[in-house]
file upload_16.cif (mmCIF, C-alpha atoms)
data_model
#
loop_
_atom_site.label_atom_id
_atom_site.label_comp_id
_atom_site.auth_asym_id
_atom_site.auth_seq_id
_atom_site.Cartn_x
_atom_site.Cartn_y
_atom_site.Cartn_z
CA MET A 1 0.00 0.00 0.00
CA PHE A 2 1.25 3.47 -0.87
CA ARG A 3 0.80 6.51 1.31
CA CYS A 4 1.22 9.94 -0.26
CA ALA A 5 1.22 13.22 1.68
CA VAL A 6 1.36 16.76 0.34
CA ALA A 7 2.04 19.77 2.56
CA SER A 8 1.17 23.32 1.46
CA LEU A 9 0.19 26.72 2.85
CA GLU A 10 -3.56 26.52 2.47
CA HIS A 11 -4.44 30.20 2.32
CA LEU A 12 -1.97 30.92 -0.48
CA ALA A 13 -2.53 27.85 -2.60
CA MET A 14 -3.85 28.63 -6.07
CA GLU A 15 -2.96 26.50 -9.08
CA ARG A 16 -2.16 23.05 -7.74
CA ILE A 17 -0.10 20.74 -9.94
CA ARG A 18 0.10 17.02 -9.15
CA TRP A 19 1.98 14.80 -11.61
CA ALA A 20 3.07 11.17 -11.41
CA PHE A 21 5.25 8.93 -13.55
CA SER A 22 5.50 5.15 -13.16
CA TYR A 23 9.25 4.64 -13.41
CA GLY A 24 8.85 1.13 -11.97
CA THR A 25 7.08 -0.04 -15.13
CA TRP A 26 9.23 2.06 -17.47
CA VAL A 27 11.55 -0.13 -19.56
CA PRO A 28 13.51 2.45 -21.57
CA CYS A 29 14.91 1.54 -24.94
CA ARG A 30 18.39 2.72 -25.91
CA GLU A 31 17.03 5.79 -27.70
CA ASP A 32 14.86 6.90 -24.78
CA TRP A 33 17.55 6.42 -22.13
CA LEU A 34 20.18 8.29 -24.12
CA LEU A 35 17.67 11.08 -24.74
CA SER A 36 16.77 11.33 -21.06
CA MET A 37 20.44 11.64 -20.12
CA ARG A 38 20.84 14.48 -22.65
CA LEU A 39 17.95 16.36 -21.04
CA ILE A 40 19.45 16.81 -17.57
CA GLN A 41 22.37 18.84 -16.28
CA PRO A 42 25.84 17.21 -16.40
CA GLU A 43 26.27 17.06 -12.61
CA GLU A 44 22.93 15.27 -12.26
CA ARG A 45 23.82 12.85 -15.03
CA GLU A 46 27.08 12.03 -13.24
CA ARG A 47 25.24 11.53 -9.97
CA ILE A 48 22.67 9.23 -11.58
CA GLU A 49 25.35 7.12 -13.25
CA GLN A 50 26.75 6.34 -9.78
CA PHE A 51 23.60 4.44 -8.76
CA ALA A 52 24.14 0.70 -8.49
CA PHE A 53 20.65 -0.25 -9.69
CA ARG A 54 18.57 0.65 -12.74
CA ARG A 55 15.49 1.22 -10.61
CA ASP A 56 17.19 3.99 -8.62
CA ALA A 57 18.63 5.56 -11.77
CA LYS A 58 15.19 5.59 -13.42
CA ALA A 59 13.62 7.13 -10.32
CA ALA A 60 16.20 9.92 -10.21
CA VAL A 61 15.86 10.64 -13.93
CA ALA A 62 12.08 10.74 -13.61
CA GLY A 63 12.31 13.29 -10.81
CA ARG A 64 14.57 15.59 -12.81
CA LEU A 65 12.43 15.34 -15.93
CA LEU A 66 9.27 16.10 -13.93
CA ILE A 67 10.87 19.26 -12.53
CA ARG A 68 12.20 20.47 -15.89
CA LYS A 69 8.86 19.81 -17.61
CA LEU A 70 7.10 21.82 -14.91
CA ILE A 71 9.43 24.82 -15.27
CA ALA A 72 9.45 24.75 -19.06
CA GLU A 73 5.67 24.57 -19.38
CA LYS A 74 4.48 26.61 -16.41
CA LEU A 75 7.20 29.26 -16.16
CA LYS A 76 7.90 29.36 -19.92
CA ILE A 77 11.66 28.98 -19.53
CA PRO A 78 13.18 27.08 -22.46
CA TRP A 79 14.21 23.60 -21.35
CA ASN A 80 17.88 24.07 -22.23
CA GLU A 81 18.03 27.37 -20.32
CA ILE A 82 16.71 25.98 -17.04
CA LYS A 83 19.30 26.10 -14.27
CA LEU A 84 18.63 23.86 -11.29
CA GLN A 85 20.72 23.70 -8.17
CA ARG A 86 20.42 22.19 -4.72
CA THR A 87 20.23 23.99 -1.41
CA SER A 88 22.67 23.14 1.36
CA LYS A 89 19.99 20.70 2.58
CA GLY A 90 19.72 19.02 -0.82
CA LYS A 91 16.40 20.46 -2.02
CA PRO A 92 16.27 21.15 -5.80
CA VAL A 93 15.55 24.82 -6.56
CA LEU A 94 15.43 26.98 -9.66
CA ALA A 95 18.45 29.24 -10.05
CA ASN A 96 17.16 31.33 -12.98
CA ASP A 97 16.30 34.98 -12.35
CA LEU A 98 12.53 35.37 -12.51
CA SER A 99 10.00 38.16 -12.40
CA GLY A 100 6.25 38.19 -12.72
CA ALA A 101 3.26 36.48 -11.15
CA HIS A 102 5.03 33.14 -10.70
CA SER A 103 8.41 34.45 -9.56
CA SER A 104 8.03 32.24 -6.49
CA PHE A 105 6.99 28.78 -7.65
CA SER A 106 7.47 25.97 -5.16
CA PHE A 107 7.94 22.40 -6.35
CA ASN A 108 8.95 19.13 -4.77
CA VAL A 109 9.37 15.52 -5.90
CA SER A 110 9.39 12.16 -4.19
CA HIS A 111 9.74 8.58 -5.35
CA GLN A 112 9.38 5.10 -3.91
CA GLY A 113 8.06 1.78 -5.12
CA ASN A 114 6.91 2.35 -8.70
CA TYR A 115 6.16 6.06 -8.78
CA ALA A 116 7.88 9.41 -8.97
CA VAL A 117 5.48 12.18 -7.96
CA LEU A 118 5.59 15.96 -8.13
CA ALA A 119 3.65 18.65 -6.29
CA ALA A 120 3.89 22.33 -7.22
CA GLU A 121 2.10 25.55 -6.38
CA PRO A 122 2.80 29.23 -7.15
CA ASP A 123 3.72 31.61 -4.31
CA CYS A 124 3.39 28.82 -1.78
CA GLN A 125 5.67 26.36 -0.02
CA ALA A 126 4.93 22.79 -1.07
CA GLY A 127 6.36 19.42 -0.13
CA ILE A 128 5.45 15.87 -1.10
CA ASP A 129 6.41 12.43 0.15
CA VAL A 130 5.36 8.98 -0.98
CA THR A 131 6.04 5.86 1.06
CA LYS A 132 5.29 2.20 0.50
CA THR A 133 4.27 0.08 3.45
CA SER A 134 6.61 -2.89 3.58
CA MET A 135 8.29 -5.00 6.19
CA PRO A 136 11.49 -3.64 7.79
CA GLY A 137 14.67 -4.79 6.10
CA SER A 138 15.68 -6.81 9.15
CA GLY A 139 14.22 -7.57 12.54
CA SER A 140 10.62 -7.44 13.71
CA ILE A 141 8.13 -4.60 13.55
CA PRO A 142 8.37 -3.97 17.35
CA ASP A 143 12.18 -3.78 17.03
CA PHE A 144 11.84 -1.36 14.12
CA PHE A 145 9.47 0.80 16.16
CA ARG A 146 11.95 0.88 19.04
CA ILE A 147 14.64 2.15 16.68
CA MET A 148 12.33 4.86 15.35
CA LYS A 149 10.77 5.78 18.72
CA ARG A 150 12.39 9.23 18.98
CA GLN A 151 10.96 10.37 15.64
CA PHE A 152 7.37 10.54 16.93
CA THR A 153 5.51 12.05 19.86
CA GLU A 154 3.71 9.97 22.48
CA GLU A 155 0.35 10.91 20.95
CA GLU A 156 1.48 9.80 17.51
CA TRP A 157 2.68 6.47 18.91
CA ARG A 158 -0.70 6.03 20.58
CA ALA A 159 -2.39 6.44 17.18
CA ILE A 160 0.07 4.00 15.58
CA LYS A 161 -0.28 1.36 18.30
CA SER A 162 -4.09 1.70 18.34
CA MET A 163 -4.36 -0.23 15.08
CA ASN A 164 -5.53 -3.83 15.34
CA SER A 165 -2.55 -5.64 13.81
CA GLU A 166 1.20 -5.14 13.42
CA TRP A 167 0.77 -4.64 9.67
CA LEU A 168 -1.85 -1.93 10.18
CA GLN A 169 0.41 -0.34 12.79
CA LEU A 170 3.25 -0.32 10.25
CA ASP A 171 0.90 1.22 7.68
CA MET A 172 -0.07 3.96 10.15
CA PHE A 173 3.63 4.50 10.90
CA HIS A 174 4.29 5.15 7.21
CA ARG A 175 1.32 7.50 7.04
CA HIS A 176 2.78 9.61 9.84
CA TRP A 177 6.23 9.40 8.28
CA ALA A 178 4.98 10.68 4.92
CA LEU A 179 3.27 13.61 6.65
CA LYS A 180 6.43 14.57 8.54
CA GLU A 181 8.59 14.26 5.44
CA SER A 182 6.18 16.35 3.34
CA PHE A 183 6.41 19.21 5.85
CA ILE A 184 10.19 18.95 6.23
CA LYS A 185 10.59 18.96 2.46
CA ALA A 186 8.22 21.92 2.09
CA ILE A 187 10.24 24.11 4.45
CA GLY A 188 13.53 22.71 3.13
CA VAL A 189 15.33 22.19 6.45
CA GLY A 190 16.74 18.72 5.85
CA ILE A 191 17.27 15.82 8.24
CA GLY A 192 18.59 17.89 11.15
CA PHE A 193 15.09 19.01 12.14
CA ASP A 194 13.77 17.54 15.41
CA LEU A 195 10.76 15.53 14.24
CA GLN A 196 9.25 15.51 17.75
CA ARG A 197 8.60 19.25 17.33
CA ILE A 198 5.83 18.38 14.88
CA GLU A 199 2.84 16.26 15.79
CA PHE A 200 0.09 15.08 13.47
CA ASN A 201 -3.45 14.37 14.54
CA VAL A 202 -4.54 12.16 11.66
CA SER A 203 -8.15 11.89 10.63
CA PRO A 204 -9.82 9.63 9.71
CA LEU A 205 -7.93 6.59 10.97
CA GLN A 206 -9.15 4.44 8.09
CA LEU A 207 -8.49 5.65 4.53
CA GLU A 208 -10.44 4.61 1.46
CA VAL A 209 -8.15 3.72 -1.42
CA GLY A 210 -8.13 6.40 -4.10
CA LYS A 211 -9.72 9.11 -1.96
CA THR A 212 -7.91 12.26 -0.83
CA TYR A 213 -8.33 13.47 2.75
CA LYS A 214 -7.57 16.93 4.15
CA GLU A 215 -8.68 16.58 7.76
CA THR A 216 -5.22 16.02 9.28
CA VAL A 217 -4.02 18.73 11.69
CA MET A 218 -0.39 19.55 12.50
CA LEU A 219 0.97 20.95 15.78
CA LEU A 220 4.34 22.69 15.82
CA ASP A 221 5.87 22.97 19.29
CA GLY A 222 2.44 22.19 20.71
CA GLU A 223 0.54 24.88 18.75
CA GLU A 224 -1.84 24.08 15.89
CA GLU A 225 -0.57 25.35 12.53
CA LYS A 226 -3.79 26.46 10.85
CA GLU A 227 -2.13 27.90 7.75
CA TRP A 228 -0.80 24.53 6.64
CA SER A 229 -2.90 22.08 4.65
CA PHE A 230 -2.12 18.37 4.30
CA GLU A 231 -3.48 16.10 1.60
CA VAL A 232 -3.27 12.37 2.35
CA LEU A 233 -4.20 9.51 0.09
CA SER A 234 -3.63 5.78 -0.08
CA SER A 235 -2.26 4.70 -3.45
CA ALA A 236 0.22 7.10 -5.00
CA VAL A 237 -1.84 7.80 -8.10
CA THR A 238 -5.54 8.47 -8.55
CA GLN A 239 -7.21 9.97 -11.57
CA THR A 240 -8.79 12.72 -9.48
CA THR A 241 -5.58 13.83 -7.73
CA PHE A 242 -2.60 13.11 -9.98
CA THR A 243 -2.12 13.47 -13.70
CA THR A 244 -0.30 10.33 -14.81
CA LEU A 245 2.37 11.06 -17.41
CA THR A 246 4.07 8.86 -19.98
CA PHE A 247 7.71 9.20 -21.01
CA ASP A 248 6.57 11.01 -24.16
CA ASP A 249 4.67 13.45 -21.93
CA LEU A 250 7.80 14.04 -19.83
CA VAL A 251 9.93 15.01 -22.82
CA ALA A 252 7.28 16.79 -24.90
CA SER A 253 8.82 20.25 -24.38
CA ALA A 254 12.41 19.05 -24.00
CA VAL A 255 15.52 20.46 -25.69
CA PRO A 256 18.78 18.50 -25.22
CA LEU A 257 21.52 20.07 -23.13
CA ALA A 258 24.33 17.86 -24.41
CA PRO A 259 25.27 15.59 -27.32
CA GLU A 260 24.49 11.89 -27.18
CA ASP A 261 26.90 9.75 -25.17
CA PRO A 262 26.58 6.02 -26.00
CA ALA A 263 28.51 5.18 -22.82
CA CYS A 264 25.44 6.19 -20.79
CA TRP A 265 23.50 3.27 -22.27
CA ASP A 266 26.35 0.83 -21.65
CA SER A 267 26.51 1.97 -18.02
CA PHE A 268 22.75 1.58 -17.61
CA CYS A 269 22.70 -1.92 -19.13
CA ALA A 270 25.51 -3.04 -16.82
CA LYS A 271 23.37 -2.36 -13.73
CA GLN A 272 21.10 -4.85 -12.00
CA GLU A 273 17.45 -3.78 -12.04
CA SER A 274 17.09 -3.79 -8.24
CA PRO A 275 18.58 -5.42 -5.13
CA THR A 276 17.81 -9.09 -4.69
CA ARG A 277 16.05 -8.26 -1.44
CA GLN A 278 14.89 -4.74 -0.64
CA GLY A 279 14.12 -3.58 2.86
CA SER A 280 12.30 -0.38 3.64
CA ASN A 281 13.88 1.81 6.28
CA PRO A 282 12.89 5.46 6.16
CA ARG A 283 15.57 8.10 6.59
#
call {"tool": "encode", "arguments": {"input": "upload_16.cif", "output": "structure tokens"}}
result
Amino acid sequence: MFRCAVASLEHLAMERIRWAFSYGTWVPCREDWLLSMRLIQPEERERIEQFAFRRDAKAAVAGRLLIRKLIAEKLKIPWNEIKLQRTSKGKPVLANDLSGAHSSFSFNVSHQGNYAVLAAEPDCQAGIDVTKTSMPGSGSIPDFFRIMKRQFTEEEWRAIKSMNSEWLQLDMFHRHWALKESFIKAIGVGIGFDLQRIEFNVSPLQLEVGKTYKETVMLLDGEEEKEWSFEVLSSAVTQTTFTTLTFDDLVASAVPLAPEDPACWDSFCAKQESPTRQGSNPR
């Protein structure tokens, strides 16, 4: 089961953009992979080529293409003129000088399982996180919870432990985790933030697959943050919330940044698709 959470400043939110791409089912041919590597900045291409597995490389490429498509189509910056950089905390940001109505356009991407997802809004902080409920890589669920105990408040643990089975408790854990990550990513502070400062009162406890919920409330240092809105859904992609894109959609407005390098395909083919056994251990 997927859990997806989007954090945004409710009173400023205007044009919401929610895109998703299924990189897990994407089997790129030589032409498509070489094209995708021409469409991203050299430092990102070098970073992606360091991944040991194809699945991770595809996820990273998908995230970069989603961001560049967004900027090219919504901010009208030619694809090959887009300059992306990362903050000191690792958050991708646009480095181009902008003016006009959308001079402040917040975007964020996340990927896990099969999907890369993007959330974006003008003049508004936005963050997104998608998690897949799966068994811990090693050890039992109670052991995993003991390791992660300091990341949640007592009230949050009460909500997690209130579920009727260990699997449902793990699912509720991932729901809380996605909410915390979406907020952290929205404000761009990185992993040094004390996660016990934020507490989520989730509602409802049971989620219907494919339906988006906005009832969750966040407390920061014990005070309710009424300006922030949180969208939560089970299943990363629904027709009513996300626009599902194909590879052709991703590159529709693309202009290559570099000449073709056949070595990129050789490097990709030499990778294993994914680890033989994948655990799931957030952060």
call {"tool": "atom_distance", "arguments": {"input": "upload_16.cif", "atom1": "CA of Glu225 (chain A)", "atom2": "CA of Ala5 (chain A)"}}
result
16.4 Å
call {"tool": "resolve_selection", "arguments": {"input": "upload_16.cif", "expression": "the PyMOL selection byres ((chain A and resi 178-183) around 10)", "output": "JSON, numbers by chain"}}
result
{"A": [2, 3, 4, 5, 6, 7, 8, 108, 109, 110, 125, 126, 127, 128, 129, 130, 131, 132, 151, 152, 172, 173, 174, 175, 176, 177, 184, 185, 186, 187, 188, 189, 190, 191, 195, 196, 198, 199, 200, 202, 216, 218, 228, 229, 230, 231, 232, 282, 283]}
call {"tool": "closest_residue", "arguments": {"input": "upload_16.cif", "among": "A:Ala119, A:Leu65, A:Ala52, A:Val209", "to": "Pro256 (chain A)", "atoms": "all atoms listed in the file"}}
result
A:Leu65
call {"tool": "atom_distance", "arguments": {"input": "upload_16.cif", "atom1": "CA of Trp79 (chain A)", "atom2": "CA of Phe107 (chain A)"}}
result
16.3 Å
call {"tool": "atom_distance", "arguments": {"input": "upload_16.cif", "atom1": "CA of Met163 (chain A)", "atom2": "CA of Met135 (chain A)"}}
result
16.2 Å
call {"tool": "closest_residue", "arguments": {"input": "upload_16.cif", "among": "A:Leu39, A:Pro122, A:Leu220, A:Gln112", "to": "Lys83 (chain A)", "atoms": "only C-alpha atoms"}}
result
A:Leu39
call {"tool": "closest_residue", "arguments": {"input": "upload_16.cif", "among": "A:Leu245, A:Leu170, A:Ala116, A:Val217", "to": "Met148 (chain A)", "atoms": "all atoms listed in the file"}}
result
A:Leu170
call {"tool": "resolve_selection", "arguments": {"input": "upload_16.cif", "expression": "the PyMOL selection byres ((chain A and resi 273-277) around 6)", "output": "PyMOL selection string"}}
result
chain A and resi 53-55+272+278
call {"tool": "closest_residue", "arguments": {"input": "upload_16.cif", "among": "A:Leu9, A:Ala60, A:Cys29, A:Ile141", "to": "Ser165 (chain A)", "atoms": "all atoms listed in the file"}}
result
A:Ile141
call {"tool": "closest_residue", "arguments": {"input": "upload_16.cif", "among": "A:Asn80, A:Ser267, A:Asn201, A:Gln206", "to": "Gln50 (chain A)", "atoms": "only C-alpha atoms"}}
result
A:Ser267
call {"tool": "closest_residue", "arguments": {"input": "upload_16.cif", "among": "A:Trp167, A:Leu84, A:Glu154, A:Lys74", "to": "Pro136 (chain A)", "atoms": "only C-alpha atoms"}}
result
A:Trp167
call {"tool": "resolve_selection", "arguments": {"input": "upload_16.cif", "expression": "the PyMOL selection byres ((chain A and resi 72) around 12)", "output": "PDB file with C-alpha atoms, in the frame of the given file"}}
result
ATOM      1  CA  LEU A  65      12.430  15.340 -15.930  1.00  0.00           C
ATOM      2  CA  LEU A  66       9.270  16.100 -13.930  1.00  0.00           C
ATOM      3  CA  ILE A  67      10.870  19.260 -12.530  1.00  0.00           C
ATOM      4  CA  ARG A  68      12.200  20.470 -15.890  1.00  0.00           C
ATOM      5  CA  LYS A  69       8.860  19.810 -17.610  1.00  0.00           C
ATOM      6  CA  LEU A  70       7.100  21.820 -14.910  1.00  0.00           C
ATOM      7  CA  ILE A  71       9.430  24.820 -15.270  1.00  0.00           C
ATOM      8  CA  GLU A  73       5.670  24.570 -19.380  1.00  0.00           C
ATOM      9  CA  LYS A  74       4.480  26.610 -16.410  1.00  0.00           C
ATOM     10  CA  LEU A  75       7.200  29.260 -16.160  1.00  0.00           C
ATOM     11  CA  LYS A  76       7.900  29.360 -19.920  1.00  0.00           C
ATOM     12  CA  ILE A  77      11.660  28.980 -19.530  1.00  0.00           C
ATOM     13  CA  PRO A  78      13.180  27.080 -22.460  1.00  0.00           C
ATOM     14  CA  TRP A  79      14.210  23.600 -21.350  1.00  0.00           C
ATOM     15  CA  ASN A  80      17.880  24.070 -22.230  1.00  0.00           C
ATOM     16  CA  GLU A  81      18.030  27.370 -20.320  1.00  0.00           C
ATOM     17  CA  ILE A  82      16.710  25.980 -17.040  1.00  0.00           C
ATOM     18  CA  LYS A  83      19.300  26.100 -14.270  1.00  0.00           C
ATOM     19  CA  LEU A  94      15.430  26.980  -9.660  1.00  0.00           C
ATOM     20  CA  ASN A  96      17.160  31.330 -12.980  1.00  0.00           C
ATOM     21  CA  LEU A 250       7.800  14.040 -19.830  1.00  0.00           C
ATOM     22  CA  VAL A 251       9.930  15.010 -22.820  1.00  0.00           C
ATOM     23  CA  ALA A 252       7.280  16.790 -24.900  1.00  0.00           C
ATOM     24  CA  SER A 253       8.820  20.250 -24.380  1.00  0.00           C
ATOM     25  CA  ALA A 254      12.410  19.050 -24.000  1.00  0.00           C
ATOM     26  CA  VAL A 255      15.520  20.460 -25.690  1.00  0.00           C
TER      27      VAL A 255
END
call {"tool": "residues_around", "arguments": {"input": "upload_16.cif", "residues": "Trp19 (chain A)", "least_positions_apart": "4", "cutoff": "7 Å", "atoms": "only C-alpha atoms", "output": "list in words"}}
result
Val117, Leu118, Ala119, Phe242, Thr243, Thr244 and Leu245 of chain A
call {"tool": "residues_around", "arguments": {"input": "upload_16.cif", "residues": "Asn114 (chain A)", "least_positions_apart": "5", "cutoff": "12 Å", "atoms": "all atoms listed in the file", "output": "PyMOL selection string"}}
result
chain A and resi 1-2+20-26+55-56+58-59+62+130-132+235-237+274
call {"tool": "axis_aligned_box", "arguments": {"input": "upload_16.cif", "around": "region 226-234 of chain A", "padding_each_side": "8 Å", "output": "JSON"}}
result
{"center_x": -2.5, "center_y": 16.8, "center_z": 5.4, "size_x": 19.4, "size_y": 38.1, "size_z": 26.9}
